[in-house]
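Asker: Before I ask anything, here is the structure I am working with.
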Amino acid sequence: MFWWIFCFTLTMLAHDVHSETKSNLSSLKTRFEPLIDFIKCIKISESPTIPTITPHELESKNDSITKKLSCGSTPTTCKKDIYRSFDGTCNNLENPSWGAAKEPFAELVNNNYADGVHQFPETSENEQLPNPRAISLLVFPSENIIDKKWNLNTMQWGQIIAHDMSFAGRTTFINNNPVTCCDSEGQLTSDSEKNPFCAPILIPENDAVNKEDGRECMEFVRTVSTKDIDCTSSKSPSFPINEVTSYLDLSLTYGSSKKQADSLREGRGGPLKSE
C-alpha cells in the first residue's frame, strides 16, 4: 500500500511540475514539502528482515491480557496430517513457524526507529515526521472521482485479502485498564501524555471536516510488539506481532487457533454457527 501511495504521489508531482510555470514551482515545492520530508526517512533494504526470536513464558507479567499474547512457539516436530493447522504452524514442514499466528511480522524495509528500538522514526534532520492526517489530506483530497475501470468490489476484495493475512494486535488494555488516547468526542485524554502506547494524531488546521466538529485528535494506539511482551531484549529492535496466520486460508472466517475455530462451530457435524 505504501508503495502505491509513493508512486502515485511521484506521478502526481511529475504531472504538476510539467504543467506548472516556473513562477509556480516555489508554491508547488511548499505544497509537497511535508511529504518530501517523510520520504527522506525511508531506507530500502536489499532483502526482507526475518527476526530470530527465542520465546519464553511470561511469568513475570501480571497482566492477564498480555499473557494471552506470545511470540509463537515453534514446534520441535510436526505430526503427519492431511489438513493444515488452524494456527499456521507446520504448514511449511521445513520452517514450521513460517506463516503462523502470534509471530512477528517480517520487514520489507529496514526499521528506522529513532532510538534503534521502538521510538517513532524522525526525518533525516532528526525532526518529527509530518502529521499523517496532513499527508492524507494532501495525497487524497476530498474529491469525487469516477473510476472507469475499478469499482467498489476491488476495494472489498483487497480488504478481505489484507484481513486474511495480517492483523496487528493493538494494546487496548494495560494492567486490565482500557487505553484511550483520544475519546469518542475527538478530545485528548489524560492517557495521551503519560501512556507510552498512546500516539494520537492531532487534527491539522486545514482539516475542514474534523475542525468543524471541534475535534482535536484521532485515536491511535500503538500495536503490540515483541518488546512489549519480552520476546526481544531491551536493546533489540521491536517487531509488531501478527495475530492471525499469514496464509490465504480464510482465517478471518474460520479463526487462527483451534480454540477460536471450535467456538465458531455448532458442535454437531461441523457446520459454522449462524445468526
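Each chain of the C-alpha cells is named A, B, ... in the order shown, its residues numbered from 1; ligands are numbered from 1 in display order.
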With only C-alpha atoms as the counted atoms, please give the residues lying no more than 10 Å from range 77-79 of chain A, apart from itself and same-chain residues fewer than 3 positions off, as a ChimeraX atom specification.
Answerer: /A:74,82,89-94,96
Asker: Do a neighbour search on Ser257 in chain A at 7 Å with only C-alpha atoms, toss out local chain neighbours closer than 3 positions, and write the hits as a list in words.
Answerer: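 Near neighbours after the sequence-gap exclusion: Phe86, Asp87, Gln260 and Ala261 of chain A.
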Asker: Write the residues of the selection above to a file with all heavy atoms, as an mmCIF file, in the first residue's frame.
Answerer:
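Saved result, out_18.cif, follows:
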```cif
data_model
loop_
_atom_site.group_PDB
_atom_site.id
_atom_site.type_symbol
_atom_site.label_atom_id
_atom_site.label_comp_id
_atom_site.auth_asym_id
_atom_site.auth_seq_id
_atom_site.Cartn_x
_atom_site.Cartn_y
_atom_site.Cartn_z
ATOM 1 N N PHE A 86 -4.896 -24.773 12.116
ATOM 2 C CA PHE A 86 -5.611 -23.505 12.222
ATOM 3 C C PHE A 86 -4.657 -22.349 12.512
ATOM 4 O O PHE A 86 -4.846 -21.238 12.009
ATOM 5 C CB PHE A 86 -6.675 -23.577 13.325
ATOM 6 C CG PHE A 86 -7.900 -24.338 12.928
ATOM 7 C CD1 PHE A 86 -8.165 -25.588 13.474
ATOM 8 C CD2 PHE A 86 -8.789 -23.816 12.008
ATOM 9 C CE1 PHE A 86 -9.299 -26.297 13.106
ATOM 10 C CE2 PHE A 86 -9.927 -24.514 11.629
ATOM 11 C CZ PHE A 86 -10.178 -25.764 12.180
ATOM 12 N N ASP A 87 -3.631 -22.603 13.341
ATOM 13 C CA ASP A 87 -2.728 -21.515 13.723
ATOM 14 C C ASP A 87 -1.556 -21.339 12.762
ATOM 15 O O ASP A 87 -0.692 -20.489 12.975
ATOM 16 C CB ASP A 87 -2.208 -21.713 15.144
ATOM 17 C CG ASP A 87 -1.350 -22.961 15.297
ATOM 18 O OD1 ASP A 87 -1.111 -23.664 14.287
ATOM 19 O OD2 ASP A 87 -0.919 -23.235 16.437
ATOM 20 N N GLN A 260 -10.376 -20.915 18.821
ATOM 21 C CA GLN A 260 -11.227 -19.957 18.124
ATOM 22 C C GLN A 260 -12.094 -20.657 17.082
ATOM 23 O O GLN A 260 -13.286 -20.349 16.938
ATOM 24 C CB GLN A 260 -10.352 -18.891 17.456
ATOM 25 C CG GLN A 260 -11.112 -17.695 16.913
ATOM 26 C CD GLN A 260 -10.180 -16.647 16.330
ATOM 27 O OE1 GLN A 260 -9.208 -16.976 15.647
ATOM 28 N NE2 GLN A 260 -10.456 -15.385 16.617
ATOM 29 N N ALA A 261 -11.513 -21.613 16.370
ATOM 30 C CA ALA A 261 -12.261 -22.348 15.348
ATOM 31 C C ALA A 261 -13.398 -23.143 15.971
ATOM 32 O O ALA A 261 -14.520 -23.171 15.443
ATOM 33 C CB ALA A 261 -11.319 -23.275 14.580
#
```
Asker: Set out as a Markdown table a contact list for range 134-171 of chain A and range 200-207 of chain A with a cut-off of 12 Å, giving each residue of range 134-171 of chain A that qualifies its closest atom pair and distance in Å to one decimal, counting only C-alpha atoms, ordered by chain and rising residue number.
Answerer:
```
| residue | atom | partner | partner_atom | distance |
| --- | --- | --- | --- | --- |
| A:Ala134 | CA | A:Pro204 | CA | 6.2 |
| A:Ile135 | CA | A:Pro204 | CA | 10.0 |
| A:Ser136 | CA | A:Asp207 | CA | 10.1 |
| A:Leu137 | CA | A:Asp207 | CA | 7.5 |
| A:Leu138 | CA | A:Asn206 | CA | 10.0 |
| A:Pro141 | CA | A:Asp207 | CA | 10.3 |
| A:Ser142 | CA | A:Asp207 | CA | 10.2 |
```
Asker: Check range 186-257 of chain A with DSSP on the backbone and list each residue it calls strand (DSSP E or B), as number ranges by chain.
Answerer: A: 188, 198, 201-202, 217-218, 221, 223, 225, 240-242
Asker: Assign secondary structure with DSSP using the backbone only, and return the residues of range 62-132 of chain A in helix (DSSP H, G or I) as a ChimeraX atom specification.
Answerer: /A:64-67,132
Asker: Quote the spacing between CA of Trp157 in chain A and CA of Lys259 in chain A in Å to one decimal place.
Answerer: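 Result for CA of Trp157 in chain A versus CA of Lys259 in chain A: 27.1 Å, one decimal.
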Asker: Give me the residues within 12 Å of range 179-191 of chain A as a PyMOL selection string, counting only C-alpha atoms and dropping any in the same chain fewer than 5 places off.
Answerer: chain A and resi 170-174+196-203+210-223
Asker: Between A:Thr76, A:Asn131, A:Gln159, A:Ser238, which is the closest to Glu107 in chain A once you count only C-alpha atoms?
Answerer: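 The answer is A:Ser238, which sits nearest to Glu107 in chain A.
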Asker: Select, from A:Ala162, A:Leu129, A:Leu108, A:Ala168, the residue with the minimum atom-to-atom distance to Ile241 in chain A, counting only C-alpha atoms.
Answerer: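 Ranked by minimum distance to Ile241 in chain A, first place goes to A:Ala168.
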Asker: What does the distance between CA of Phe239 in chain A and CA of Glu193 in chain A come to in Å, to one decimal place?
Answerer: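 Answer for the CA of Phe239 in chain A to CA of Glu193 in chain A separation: 23.5 Å.
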Asker: Have a look at A:Lys258, A:Lys235, A:Arg84, A:Arg268 and name the one nearest to Val117 in chain A; count only C-alpha atoms.
Answerer: A:Lys235
Asker: Which residues, written as a PyMOL selection string, have at least one atom at most 9 Å from Leu264 in chain A, with only C-alpha atoms counted and residues fewer than 3 positions away on the same chain left out?
Answerer: chain A and resi 253-255+259-261+267+271-274
Asker: Let me see the file: selected residues, C-alpha atoms, as a PDB file, in the first residue's frame.
Answerer:
```pdb
ATOM      1  CA  THR A 253     -13.813 -16.799   8.704  1.00  0.00           C
ATOM      2  CA  TYR A 254     -12.512 -19.921  10.452  1.00  0.00           C
ATOM      3  CA  GLY A 255     -10.157 -18.399  13.033  1.00  0.00           C
ATOM      4  CA  LYS A 259      -9.945 -22.788  20.295  1.00  0.00           C
ATOM      5  CA  GLN A 260     -11.227 -19.957  18.124  1.00  0.00           C
ATOM      6  CA  ALA A 261     -12.261 -22.348  15.348  1.00  0.00           C
ATOM      7  CA  GLY A 267     -20.520 -28.730  17.561  1.00  0.00           C
ATOM      8  CA  PRO A 271     -21.332 -26.562  10.414  1.00  0.00           C
ATOM      9  CA  LEU A 272     -20.475 -22.993  11.384  1.00  0.00           C
ATOM     10  CA  LYS A 273     -22.762 -21.122  13.733  1.00  0.00           C
ATOM     11  CA  SER A 274     -25.216 -18.731  12.118  1.00  0.00           C
TER      12      SER A 274
END
```
